[in-house]
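Chemist: For reference, this is target_15.txt, and it has compact mmCIF, C-alpha atoms.
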# COMPACT_ATOMS: atom_id res chain seq x y z
CA MET A 14 121.46 122.15 85.18
CA THR A 15 123.28 124.68 87.35
CA LYS A 16 122.23 126.05 90.73
CA SER A 17 121.46 129.44 89.18
CA GLY A 18 119.26 127.72 86.61
CA ILE A 19 116.81 126.52 89.24
CA LYS A 20 117.03 129.42 91.71
CA ALA A 21 113.67 130.63 93.01
CA GLU A 22 112.99 134.35 92.78
CA MET A 23 111.21 134.32 96.12
CA ASP A 24 111.58 131.38 98.47
CA GLY A 25 108.30 129.49 98.64
CA ILE A 26 106.45 132.08 96.57
CA LEU A 27 105.44 131.74 92.92
CA SER A 28 108.03 129.08 92.21
CA VAL A 29 109.34 125.83 93.57
CA LEU A 30 112.91 124.68 93.94
CA CYS A 31 112.52 122.14 91.19
CA PRO A 32 114.12 122.10 87.73
CA THR A 33 110.91 120.74 86.18
CA GLN A 34 109.13 124.10 86.54
CA GLU A 35 108.15 125.32 83.05
CA ILE A 36 109.15 121.88 81.69
CA VAL A 37 106.51 119.46 82.98
CA LYS A 38 102.97 120.44 82.01
CA LEU A 39 100.03 119.02 83.94
CA TYR A 40 96.40 119.17 82.84
CA ASP A 41 94.08 119.79 85.76
CA PHE A 42 90.46 119.31 84.69
CA ILE A 43 87.02 118.00 85.63
CA ASP A 44 85.75 115.12 83.50
CA GLU A 45 82.27 114.09 82.34
CA GLU A 46 81.51 112.50 85.71
CA ASN A 47 82.51 115.65 87.62
CA ILE A 48 85.73 114.03 88.85
CA ARG A 49 88.89 116.17 88.96
CA HIS A 50 92.05 114.77 87.36
CA THR A 51 95.64 115.93 87.11
CA LEU A 52 97.28 114.21 84.16
CA THR A 53 100.25 114.56 81.87
CA LEU A 54 99.55 114.92 78.15
CA SER A 55 100.30 111.24 77.44
CA GLN A 56 97.98 110.14 80.27
CA LEU A 57 95.32 112.51 78.98
CA GLU A 58 95.52 111.08 75.47
CA SER A 59 95.35 107.56 76.87
CA LYS A 60 92.20 108.40 78.87
CA TYR A 61 90.46 109.73 75.75
CA SER A 62 91.87 107.27 73.24
CA TYR A 63 88.32 106.54 72.06
CA LEU A 64 88.31 109.97 70.39
CA TYR A 65 91.02 108.87 67.98
CA ASP A 66 90.09 108.63 64.32
CA LYS A 67 92.14 106.98 61.59
CA SER A 68 92.41 110.29 59.79
CA ASP A 69 94.00 111.97 62.85
CA THR A 70 97.65 112.92 62.94
CA ASP A 71 99.38 113.13 66.32
CA GLU A 72 98.83 116.88 66.31
CA THR A 73 95.14 116.80 65.36
CA PHE A 74 94.40 114.07 67.92
CA THR A 75 96.10 116.07 70.67
CA GLU A 76 94.12 119.17 69.71
CA LYS A 77 90.89 117.14 69.66
CA VAL A 78 91.51 115.86 73.19
CA LEU A 79 92.39 119.32 74.52
CA ASP A 80 89.30 120.86 72.90
CA HIS A 81 87.20 118.12 74.50
CA ILE A 82 88.41 118.74 78.07
CA GLN A 83 88.14 122.51 77.59
CA ARG A 84 84.46 122.17 76.73
CA LEU A 85 83.93 120.16 79.93
CA GLN A 86 85.05 123.01 82.20
CA LYS A 87 82.22 124.87 83.86
CA PRO A 88 82.28 128.69 83.69
CA ILE A 89 83.19 130.68 86.76
CA GLN A 90 80.24 133.00 87.26
CA ASN A 91 80.98 136.69 87.52
CA ASP A 92 78.44 138.06 89.98
CA LEU A 93 78.27 140.04 93.21
CA ASN A 94 79.05 136.90 95.24
CA PHE A 95 82.10 136.01 93.17
CA ASP A 96 84.92 134.53 95.26
CA PRO A 97 88.25 136.01 94.08
CA THR A 98 90.14 133.11 95.63
CA LYS A 99 88.92 131.00 92.70
CA ILE A 100 91.56 132.77 90.62
CA GLU A 101 94.97 131.15 91.01
CA ILE A 102 98.37 132.44 90.00
CA GLY A 103 99.98 130.22 87.40
CA LYS A 104 96.71 129.44 85.62
CA LYS A 105 95.09 130.86 82.51
CA TYR A 106 91.50 132.01 82.14
CA ARG A 107 89.26 132.42 79.11
CA ILE A 108 86.97 135.44 79.26
CA LYS A 109 83.93 135.73 77.01
CA PHE A 110 82.46 139.22 76.68
CA LYS A 111 78.79 139.83 76.01
CA ASP A 112 77.57 140.55 72.51
CA THR A 113 76.87 144.19 71.68
CA PHE A 114 75.16 146.17 68.92
CA ASP A 115 76.66 148.76 66.61
CA ILE A 116 75.06 152.12 65.83
CA LYS A 117 73.00 150.51 63.05
CA GLY A 118 71.59 147.90 65.40
CA ASN A 119 73.68 145.03 64.03
CA LYS A 120 74.78 142.42 66.53
CA VAL A 121 78.52 142.39 67.24
CA LYS A 122 79.87 139.17 68.73
CA GLY A 123 81.67 139.66 72.02
CA ARG A 124 85.42 139.04 72.09
CA GLU A 125 87.17 136.14 73.75
CA ILE A 126 90.56 136.65 75.37
CA ILE A 127 92.97 134.43 77.31
CA LEU A 128 94.59 135.92 80.41
CA ASP A 129 97.69 134.32 81.93
CA VAL A 130 97.77 135.19 85.66
CA LYS A 131 101.50 135.18 86.38
CA TYR A 132 102.05 137.81 89.08
CA PRO A 133 100.40 138.82 92.37
CA HIS A 134 100.56 142.59 91.90
CA ASN A 135 98.69 145.03 89.67
CA THR A 136 100.21 144.98 86.19
CA GLY A 137 98.02 147.73 84.74
CA VAL A 138 95.29 147.74 82.12
CA LEU A 139 94.81 145.27 79.30
CA LYS A 140 96.71 146.06 76.12
CA GLY A 141 94.09 144.77 73.69
CA SER A 142 95.55 141.47 72.46
CA ASP A 143 93.83 138.08 72.57
CA ASN A 144 96.50 136.59 74.86
CA GLU A 145 97.89 138.66 77.70
CA ILE A 146 99.95 138.24 80.86
CA ILE A 147 98.26 139.87 83.83
CA GLY A 148 98.67 140.24 87.59
CA TYR A 149 96.25 138.75 90.12
CA GLN A 150 95.27 142.20 91.38
CA SER A 151 94.60 143.41 87.84
CA PHE A 152 92.42 140.37 87.18
CA LYS A 153 90.56 140.85 90.45
CA ASN A 154 89.84 144.47 89.57
CA LEU A 155 88.50 143.28 86.22
CA LEU A 156 86.14 140.88 87.99
CA LYS A 157 85.11 143.55 90.47
CA ASN A 158 84.11 145.99 87.74
CA GLY A 159 82.60 143.34 85.48
CA HIS A 160 83.50 145.30 82.38
CA THR A 161 86.54 146.51 80.41
CA VAL A 162 87.22 148.23 77.13
CA TYR A 163 85.85 145.04 75.53
CA GLY A 164 82.45 145.39 77.17
CA ASN A 165 80.64 143.47 79.90
CA VAL A 166 81.92 140.06 81.00
CA GLU A 167 79.58 137.18 80.10
CA PHE A 168 81.54 134.38 81.77
CA ILE A 169 85.01 133.33 82.88
CA GLN A 170 86.32 129.82 82.36
CA GLU A 171 89.62 128.27 83.35
CA TYR A 172 91.69 127.79 80.18
CA ILE A 173 93.40 124.42 80.45
CA LYS A 174 94.50 123.64 76.90
CA ASP A 175 98.04 124.93 77.55
CA GLY A 176 98.43 122.87 80.71
CA ASN A 177 99.48 124.19 84.11
CA ASN A 178 102.83 124.64 85.75
CA LEU A 179 103.37 123.21 89.21
CA LYS A 180 101.36 124.96 91.91
CA SER A 181 103.03 127.34 94.32
CA ILE A 182 102.22 127.57 98.01
CA ASN A 183 99.00 129.39 98.84
CA PHE A 184 96.89 130.29 101.84
CA LYS A 185 93.17 130.96 101.56
CA PHE A 186 91.33 132.55 104.45
CA LYS A 187 88.45 134.78 105.52
CA ASP A 188 88.19 137.81 107.74
CA THR A 189 85.91 137.95 110.77
CA ILE A 190 82.97 139.13 108.65
CA GLY A 191 83.34 136.28 106.15
CA LYS A 192 85.08 137.98 103.21
CA SER A 193 87.44 135.66 101.29
CA TYR A 194 91.11 136.30 100.54
CA GLN A 195 94.24 134.46 99.52
CA ILE A 196 97.93 135.08 100.05
CA TRP A 197 98.21 137.25 96.93
CA ASP A 198 95.78 139.78 98.45
CA ILE A 199 98.28 140.67 101.20
CA ASP A 200 99.83 144.07 100.45
CA TYR A 201 103.31 143.09 101.61
CA ILE A 202 103.45 140.01 99.37
CA GLN A 203 102.45 142.12 96.37
CA ASP A 204 104.92 144.91 97.13
CA LEU A 205 107.82 142.57 97.84
CA PHE A 206 107.28 140.72 94.57
CA ALA A 207 107.03 144.00 92.65
CA ILE A 208 110.34 145.18 94.13
CA VAL A 209 112.07 141.87 93.38
CA LYS A 210 111.00 142.24 89.75
CA SER A 211 111.72 145.97 89.40
CA THR A 212 115.17 146.00 91.04
CA LYS A 213 116.70 143.34 88.81
CA LYS A 214 117.93 146.00 86.40
CA LEU A 215 119.01 148.49 89.07
CA ASP A 216 122.48 148.82 90.57
CA SER A 217 123.05 147.97 94.24
CA THR A 218 122.63 151.54 95.51
CA GLN A 219 119.34 152.11 93.69
CA ALA A 220 117.96 148.68 94.67
CA LEU A 221 118.94 149.31 98.31
CA GLU A 222 116.88 152.49 98.39
CA GLU A 223 113.81 150.70 97.01
CA TYR A 224 114.05 148.01 99.69
CA LYS A 225 114.43 150.67 102.38
CA LYS A 226 111.19 152.29 101.19
CA LEU A 227 109.47 148.90 101.53
CA ILE A 228 110.76 148.38 105.09
CA ILE A 229 109.71 151.89 106.15
CA LYS A 230 106.25 151.32 104.65
CA TYR A 231 105.65 148.19 106.75
CA ASP A 232 107.82 148.72 109.85
CA GLY A 233 107.18 152.44 110.08
CA ASN A 234 110.92 153.12 110.26
CA LEU A 235 114.30 151.40 109.84
CA ASP A 236 115.02 150.85 113.57
CA ASN A 237 114.63 147.05 113.61
CA TYR A 238 116.47 146.72 110.32
CA ASN A 239 119.34 148.92 111.55
CA LYS A 240 119.76 146.68 114.62
CA SER A 241 120.13 143.67 112.32
CA LYS A 242 122.52 145.63 110.12
CA GLU A 243 124.76 146.57 113.06
CA THR A 244 125.20 142.92 114.03
CA LEU A 245 126.18 141.92 110.50
CA PHE A 246 128.50 144.88 110.03
CA LYS A 247 130.38 144.05 113.23
CA THR A 248 131.03 140.60 111.80
CA TYR A 249 132.39 142.11 108.58
CA GLN A 250 134.55 144.59 110.49
CA ASN A 251 135.98 141.86 112.71
CA ASN A 252 137.03 140.07 109.57
CA GLY A 253 138.63 143.20 108.18
CA ALA A 254 136.17 143.51 105.28
CA ASN A 255 134.89 146.75 103.76
CA ILE A 256 131.16 147.45 103.94
CA SER A 257 129.56 148.11 100.56
CA ASP A 258 126.04 148.64 99.22
CA THR A 259 126.27 145.11 97.83
CA HIS A 260 126.74 143.72 101.35
CA GLU A 261 123.88 145.81 102.71
CA LEU A 262 121.60 144.91 99.79
CA LYS A 263 122.05 141.23 100.63
CA LEU A 264 121.16 141.96 104.26
CA ILE A 265 118.05 144.00 103.49
CA LYS A 266 116.82 141.35 101.03
CA ASN A 267 117.08 138.73 103.77
CA TYR A 268 115.32 141.07 106.20
CA ALA A 269 112.50 141.63 103.70
CA LYS A 270 112.16 137.88 103.15
CA GLN A 271 112.02 137.34 106.90
CA ILE A 272 108.98 139.63 107.13
CA GLN A 273 107.40 137.54 104.39
CA GLN A 274 108.20 134.30 106.23
CA ASN A 275 106.70 135.70 109.45
CA ILE A 276 103.47 136.44 107.60
CA LEU A 277 103.39 132.95 106.11
CA PHE A 278 104.07 131.34 109.49
CA SER A 279 101.30 133.37 111.11
CA LEU A 280 98.90 131.78 108.60
CA SER A 281 100.21 128.24 109.06
CA LYS A 282 98.62 125.54 111.20
CA ASN A 283 101.83 125.42 113.27
CA ASN A 284 101.30 128.92 114.65
CA PRO A 285 99.94 128.65 118.21
CA ASN A 286 99.55 132.40 118.63
CA LYS A 287 96.80 134.84 117.78
CA ILE A 288 97.13 136.27 114.27
CA ASN A 289 97.80 139.99 114.18
CA PRO A 290 95.72 142.04 111.72
CA ILE A 291 97.19 141.85 108.20
CA LYS A 292 97.23 144.75 105.75
CA ILE A 293 95.09 144.03 102.68
CA ASN A 294 94.16 146.73 100.15
CA ASN A 295 95.75 149.30 102.46
CA ASN A 296 93.46 148.33 105.35
CA PHE A 297 94.19 146.14 108.36
CA VAL A 298 92.08 142.97 108.28
CA THR A 299 91.45 140.63 111.22
CA ILE A 300 91.75 137.01 110.09
CA ASP A 301 89.42 134.23 111.23
CA LYS A 302 92.00 131.62 112.20
CA ASN A 303 89.54 128.75 111.75
CA SER A 304 89.02 129.68 108.10
CA ILE A 305 92.66 129.26 106.99
CA GLN A 306 93.27 126.67 104.28
CA THR A 307 96.81 125.79 103.26
CA GLU A 308 97.58 124.65 99.72
CA ALA A 309 101.04 123.14 99.47
CA TYR A 310 103.23 123.68 96.43
CA GLU A 311 103.83 120.88 93.96
CA ILE A 312 107.12 119.38 92.89
CA VAL A 313 108.00 116.69 90.39
CA MET A 314 110.61 114.29 91.74
CA PRO A 315 112.80 111.95 89.67
CA LYS A 316 111.31 108.49 89.18
CA ILE A 317 114.12 106.96 91.23
CA PHE A 318 112.28 108.24 94.33
CA LEU A 319 109.09 106.58 93.13
CA LYS A 320 110.91 103.26 92.89
CA GLU A 321 113.18 103.47 95.93
CA PHE A 322 110.45 104.63 98.33
CA ASP A 323 107.68 102.59 96.71
CA LEU A 324 105.49 105.63 96.12
CA ASP A 325 102.51 105.97 93.83
CA ASN A 326 101.96 108.47 91.04
CA TYR A 327 100.77 111.82 92.49
CA THR A 328 101.65 110.80 96.04
CA ASN A 329 100.57 113.53 98.47
CA LEU A 330 103.62 114.56 100.51
CA ASP A 331 101.39 115.87 103.30
CA GLU A 332 99.92 112.38 103.71
CA VAL A 333 103.38 110.83 103.91
CA LEU A 334 104.54 113.34 106.53
CA ASN A 335 101.45 113.21 108.73
CA ASN A 336 100.59 109.52 108.56
CA GLU A 337 103.16 107.73 110.71
CA ASN A 338 101.94 104.35 109.44
CA TYR A 339 102.12 105.29 105.74
CA PHE A 340 105.10 103.11 104.84
CA TYR A 341 104.17 100.38 107.36
CA ASN A 342 100.74 100.01 105.76
CA LYS A 343 102.30 99.84 102.31
CA ILE A 344 104.71 97.10 103.40
CA ILE A 345 101.89 95.06 104.97
CA LYS A 346 99.82 95.47 101.82
CA ASN A 347 102.81 94.55 99.65
CA PHE A 348 103.34 91.34 101.60
CA ASP A 349 100.06 89.99 100.25
CA THR A 350 100.53 87.02 97.94
CA LYS A 351 99.98 88.06 94.35
CA VAL A 352 99.35 84.56 92.94
CA LEU A 353 96.10 83.27 94.38
CA ASP A 354 96.31 79.66 93.18
CA GLU A 355 98.87 77.86 95.35
CA ASN A 356 99.16 75.09 92.74
CA HIS A 357 100.99 77.53 90.48
CA TYR A 358 104.06 77.81 92.74
CA ASP A 359 105.99 75.89 95.39
CA LEU A 360 108.06 78.69 96.90
CA GLU A 361 107.31 82.39 97.35
CA LEU A 362 110.16 84.83 97.99
CA LYS A 363 108.63 88.01 99.34
CA ARG A 364 109.92 91.52 98.73
CA THR A 365 108.90 94.66 100.63
CA ASN A 366 107.94 96.43 97.38
CA GLY A 367 105.51 93.63 96.46
CA ASP A 368 107.53 92.31 93.51
CA HIS A 369 107.62 88.77 94.88
CA ILE A 370 109.38 85.86 93.18
CA TYR A 371 107.44 82.63 92.68
CA ILE A 372 109.29 79.34 92.10
CA LYS A 373 107.72 76.17 90.74
CA ASP A 374 109.46 72.81 91.19
CA TYR A 375 109.30 70.76 87.99
CA THR A 376 111.75 68.02 89.01
CA ASP A 377 108.97 65.44 89.40
CA LEU A 378 107.61 66.00 85.89
Could you render the structure from this file as structure tokens?
Modeler:
Amino acid sequence: MTKSGIKAEMDGILSVLCPTQEIVKLYDFIDEENIRHTLTLSQLESKYSYLYDKSDTDETFTEKVLDHIQRLQKPIQNDLNFDPTKIEIGKKYRIKFKDTFDIKGNKVKGREIILDVKYPHNTGVLKGSDNEIIGYQSFKNLLKNGHTVYGNVEFIQEYIKDGNNLKSINFKFKDTIGKSYQIWDIDYIQDLFAIVKSTKKLDSTQALEEYKKLIIKYDGNLDNYNKSKETLFKTYQNNGANISDTHELKLIKNYAKQIQQNILFSLSKNNPNKINPIKINNNFVTIDKNSIQTEAYEIVMPKIFLKEFDLDNYTNLDEVLNNENYFYNKIIKNFDTKVLDENHYDLELKRTNGDHIYIKDYTDL
């Protein structure tokens, strides 16, 4: 795996710096007892092993389990009080449209389609297939209208049979009048992602112009950017290097990312300052700082970390970082004797990971 093979398109947005993205599939679902689980396919099949029938092949058993957990998922209601932050990038959603009647009065069953929400920006109208890739903004507009070329929406349900990729970072928040948003509603995040995608096939000069349009749109002009550019160019000139559009494109990309990082920091719990109004749907919105919820991205680490640091499956990194006694408590717990009957051993050699060695003396037998 090379460095380019795991490079994120946008640091901290939509992807994680982890080679398991698009490789490891997790199934996030709510079970019969209304408990949420995040399991791999093998763990999922183990949990529902009682569904297995002798006539099942591996494929039919897997499909049976996935159909079972899909049926357990409650529909997301599409009404005037619908919270758009329920829609997450990286997940798929099943939409059932209401039945209709043809001109002869015969009932026509409403269609079902699967939408894969991959991008934050508006990707246009639906193309008419049963499985489509769509942007968050496009999906939100669909929910807002409640109808499409397929008719009126009956219900929306998270589609979990294909599994989920690892979650990306997200912020959910409300404005001062209580309206809900998430990070993908922010105009700058949408526009930056759209430019990153659209400029991949452009040459340096063309891509540079697109980034300049973005900076002007949000800064009002290029003054702050030009100050940064002058500093960098002096460094190049001191080293005797020629200045090219390729050099400047690299600079303006970093400048654009810095604006993004400033927005993310303003929404983080580490920001002590008042949050400036943020542009959403072309309007400036004042954020209620107390409403901000941070959802960290997920990564899958090699099992050597699980063993070496004595971690548990699905360890929450936030808990490890913020609980100063996390490892101390684990060590104390691990020091507990695992064999309760003292007659079964004469010597106990303790290990910090809890894998103690018990020795029994049989010399007197």
Chemist: Find the residues of stretch 157-271 of chain A that sit at most 12 Å from stretch 285-302 of chain A; for each, write down the nearest two atoms and how far apart they are in Å, to one decimal. Count only C-alpha atoms. Sort by chain, then by number going up, and give it as a tab-separated table.
Modeler:
residue	atom	partner	partner_atom	distance
A:Phe184	CA	A:Lys302	CA	11.5
A:Lys185	CA	A:Ile300	CA	10.6
A:Phe186	CA	A:Ile300	CA	7.2
A:Lys187	CA	A:Asp301	CA	5.8
A:Asp188	CA	A:Ile300	CA	4.3
A:Thr189	CA	A:Asp301	CA	5.1
A:Ile190	CA	A:Asp301	CA	8.5
A:Gly191	CA	A:Asp301	CA	8.2
A:Lys192	CA	A:Ile300	CA	9.6
A:Ser193	CA	A:Ile300	CA	9.9
A:Tyr194	CA	A:Ile293	CA	9.0
A:Gln195	CA	A:Ile293	CA	10.1
A:Ile196	CA	A:Ile293	CA	9.8
A:Trp197	CA	A:Ile293	CA	9.4
A:Asp198	CA	A:Ile293	CA	6.0
A:Ile199	CA	A:Ile293	CA	4.9
A:Asp200	CA	A:Ile293	CA	5.2
A:Tyr201	CA	A:Lys292	CA	7.5
A:Ile202	CA	A:Ile293	CA	9.8
A:Gln203	CA	A:Ile293	CA	9.9
A:Asp204	CA	A:Ile293	CA	11.3
A:Lys230	CA	A:Asn295	CA	10.9
A:Tyr231	CA	A:Lys292	CA	9.2
Chemist: Tell me which protein, DNA and RNA residues are within 12 Å of A:Glu125, counting only C-alpha atoms, leaving out same-chain ones fewer than 3 positions away, and put them as a ChimeraX atom specification.
Modeler: /A:106-112,122,128,141-145,163-170,172
Chemist: Please compute the atom CA of A:Leu353-atom CA of A:Tyr341 distance, one decimal, in Å.
Modeler: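 Rounded to one decimal, the two atoms are 22.9 Å apart.
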Chemist: Go ahead and fit an axis-aligned box to every listed atom of stretch 301-309 of chain A plus 6 Å each side, and pass me the centre and edge lengths in Å, one decimal, as AutoDock Vina command-line options.
Modeler:
--center_x 95.0 --center_y 128.7 --center_z 105.8 --size_x 24.0 --size_y 23.1 --size_z 24.7
Chemist: Around the point (87.3, 112.6, 81.4) in the file's coordinates, collect all residues with an atom within 10 Å, using only C-alpha atoms, and return them as a PDB file with C-alpha atoms, keeping the file's coordinate frame.
Modeler:
ATOM      1  CA  PHE A  42      90.460 119.310  84.690  1.00  0.00           C
ATOM      2  CA  ILE A  43      87.020 118.000  85.630  1.00  0.00           C
ATOM      3  CA  ASP A  44      85.750 115.120  83.500  1.00  0.00           C
ATOM      4  CA  GLU A  45      82.270 114.090  82.340  1.00  0.00           C
ATOM      5  CA  GLU A  46      81.510 112.500  85.710  1.00  0.00           C
ATOM      6  CA  ASN A  47      82.510 115.650  87.620  1.00  0.00           C
ATOM      7  CA  ILE A  48      85.730 114.030  88.850  1.00  0.00           C
ATOM      8  CA  ARG A  49      88.890 116.170  88.960  1.00  0.00           C
ATOM      9  CA  HIS A  50      92.050 114.770  87.360  1.00  0.00           C
ATOM     10  CA  LEU A  57      95.320 112.510  78.980  1.00  0.00           C
ATOM     11  CA  LYS A  60      92.200 108.400  78.870  1.00  0.00           C
ATOM     12  CA  TYR A  61      90.460 109.730  75.750  1.00  0.00           C
ATOM     13  CA  VAL A  78      91.510 115.860  73.190  1.00  0.00           C
ATOM     14  CA  HIS A  81      87.200 118.120  74.500  1.00  0.00           C
ATOM     15  CA  ILE A  82      88.410 118.740  78.070  1.00  0.00           C
ATOM     16  CA  LEU A  85      83.930 120.160  79.930  1.00  0.00           C
TER      17      LEU A  85
END
Chemist: Just how far from atom CA of A:Tyr40 is atom CA of A:Phe206, in Å to one decimal?
Modeler: 26.8 Å
Chemist: How many Å lie between atom CA of A:Lys263 and atom CA of A:Gly233, rounded to one decimal?
Modeler: 20.9 Å
Chemist: Would you list the contacts of A:Asn267 as a list of chain:residue names, taking every protein, DNA or RNA residue within 12 Å and counting only C-alpha atoms, but skipping same-chain residues closer than 5 positions in sequence?
Modeler: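 So the residues in contact are A:Met23, A:Asp24, A:Leu205, A:Val209, A:Tyr224, A:Ile228, A:Tyr238, A:Ser241, A:Lys242, A:Leu245, A:His260, A:Glu261, A:Leu262, A:Ile272, A:Gln273, A:Gln274.
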Chemist: Store the residues picked out above in a file with C-alpha atoms, as a PDB file, keeping the file's coordinate frame.
Modeler:
ATOM      1  CA  MET A  23     111.210 134.320  96.120  1.00  0.00           C
ATOM      2  CA  ASP A  24     111.580 131.380  98.470  1.00  0.00           C
ATOM      3  CA  LEU A 205     107.820 142.570  97.840  1.00  0.00           C
ATOM      4  CA  VAL A 209     112.070 141.870  93.380  1.00  0.00           C
ATOM      5  CA  TYR A 224     114.050 148.010  99.690  1.00  0.00           C
ATOM      6  CA  ILE A 228     110.760 148.380 105.090  1.00  0.00           C
ATOM      7  CA  TYR A 238     116.470 146.720 110.320  1.00  0.00           C
ATOM      8  CA  SER A 241     120.130 143.670 112.320  1.00  0.00           C
ATOM      9  CA  LYS A 242     122.520 145.630 110.120  1.00  0.00           C
ATOM     10  CA  LEU A 245     126.180 141.920 110.500  1.00  0.00           C
ATOM     11  CA  HIS A 260     126.740 143.720 101.350  1.00  0.00           C
ATOM     12  CA  GLU A 261     123.880 145.810 102.710  1.00  0.00           C
ATOM     13  CA  LEU A 262     121.600 144.910  99.790  1.00  0.00           C
ATOM     14  CA  ILE A 272     108.980 139.630 107.130  1.00  0.00           C
ATOM     15  CA  GLN A 273     107.400 137.540 104.390  1.00  0.00           C
ATOM     16  CA  GLN A 274     108.200 134.300 106.230  1.00  0.00           C
TER      17      GLN A 274
END
Chemist: Would you list the contacts of A:Ser55 as JSON, numbers by chain, taking every protein, DNA or RNA residue within 12 Å and counting all atoms listed in the file, but skipping same-chain residues closer than 4 positions in sequence?
Modeler: {"A": [37, 38, 39, 40, 51, 59, 60, 61, 62, 71, 74, 75, 78, 79]}
Chemist: Output C-alpha atoms for every residue in the selection just made, as an mmCIF file, in the coordinates of the input.
Modeler:
data_model
loop_
_atom_site.group_PDB
_atom_site.id
_atom_site.type_symbol
_atom_site.label_atom_id
_atom_site.label_comp_id
_atom_site.auth_asym_id
_atom_site.auth_seq_id
_atom_site.Cartn_x
_atom_site.Cartn_y
_atom_site.Cartn_z
ATOM 1 C CA VAL A 37 106.510 119.460 82.980
ATOM 2 C CA LYS A 38 102.970 120.440 82.010
ATOM 3 C CA LEU A 39 100.030 119.020 83.940
ATOM 4 C CA TYR A 40 96.400 119.170 82.840
ATOM 5 C CA THR A 51 95.640 115.930 87.110
ATOM 6 C CA SER A 59 95.350 107.560 76.870
ATOM 7 C CA LYS A 60 92.200 108.400 78.870
ATOM 8 C CA TYR A 61 90.460 109.730 75.750
ATOM 9 C CA SER A 62 91.870 107.270 73.240
ATOM 10 C CA ASP A 71 99.380 113.130 66.320
ATOM 11 C CA PHE A 74 94.400 114.070 67.920
ATOM 12 C CA THR A 75 96.100 116.070 70.670
ATOM 13 C CA VAL A 78 91.510 115.860 73.190
ATOM 14 C CA LEU A 79 92.390 119.320 74.520
#
Chemist: Which residues are close to A:Lys373, i.e. within 12 Å by all atoms listed in the file, leaving aside same-chain residues fewer than 5 positions away? Reply as a list in words.
Modeler: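 Those residues are Glu355, Asn356, His357, Tyr358, Asp359, Leu360, Glu361, Leu362 and Leu378 of chain A.
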Chemist: Taking into account all atoms listed in the file, which residue in the set A:Lys174, A:Ile370, A:Ile345, A:Ile146 is nearest to A:Glu76?
Modeler: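 Among the listed residues, A:Lys174 lies closest to A:Glu76.
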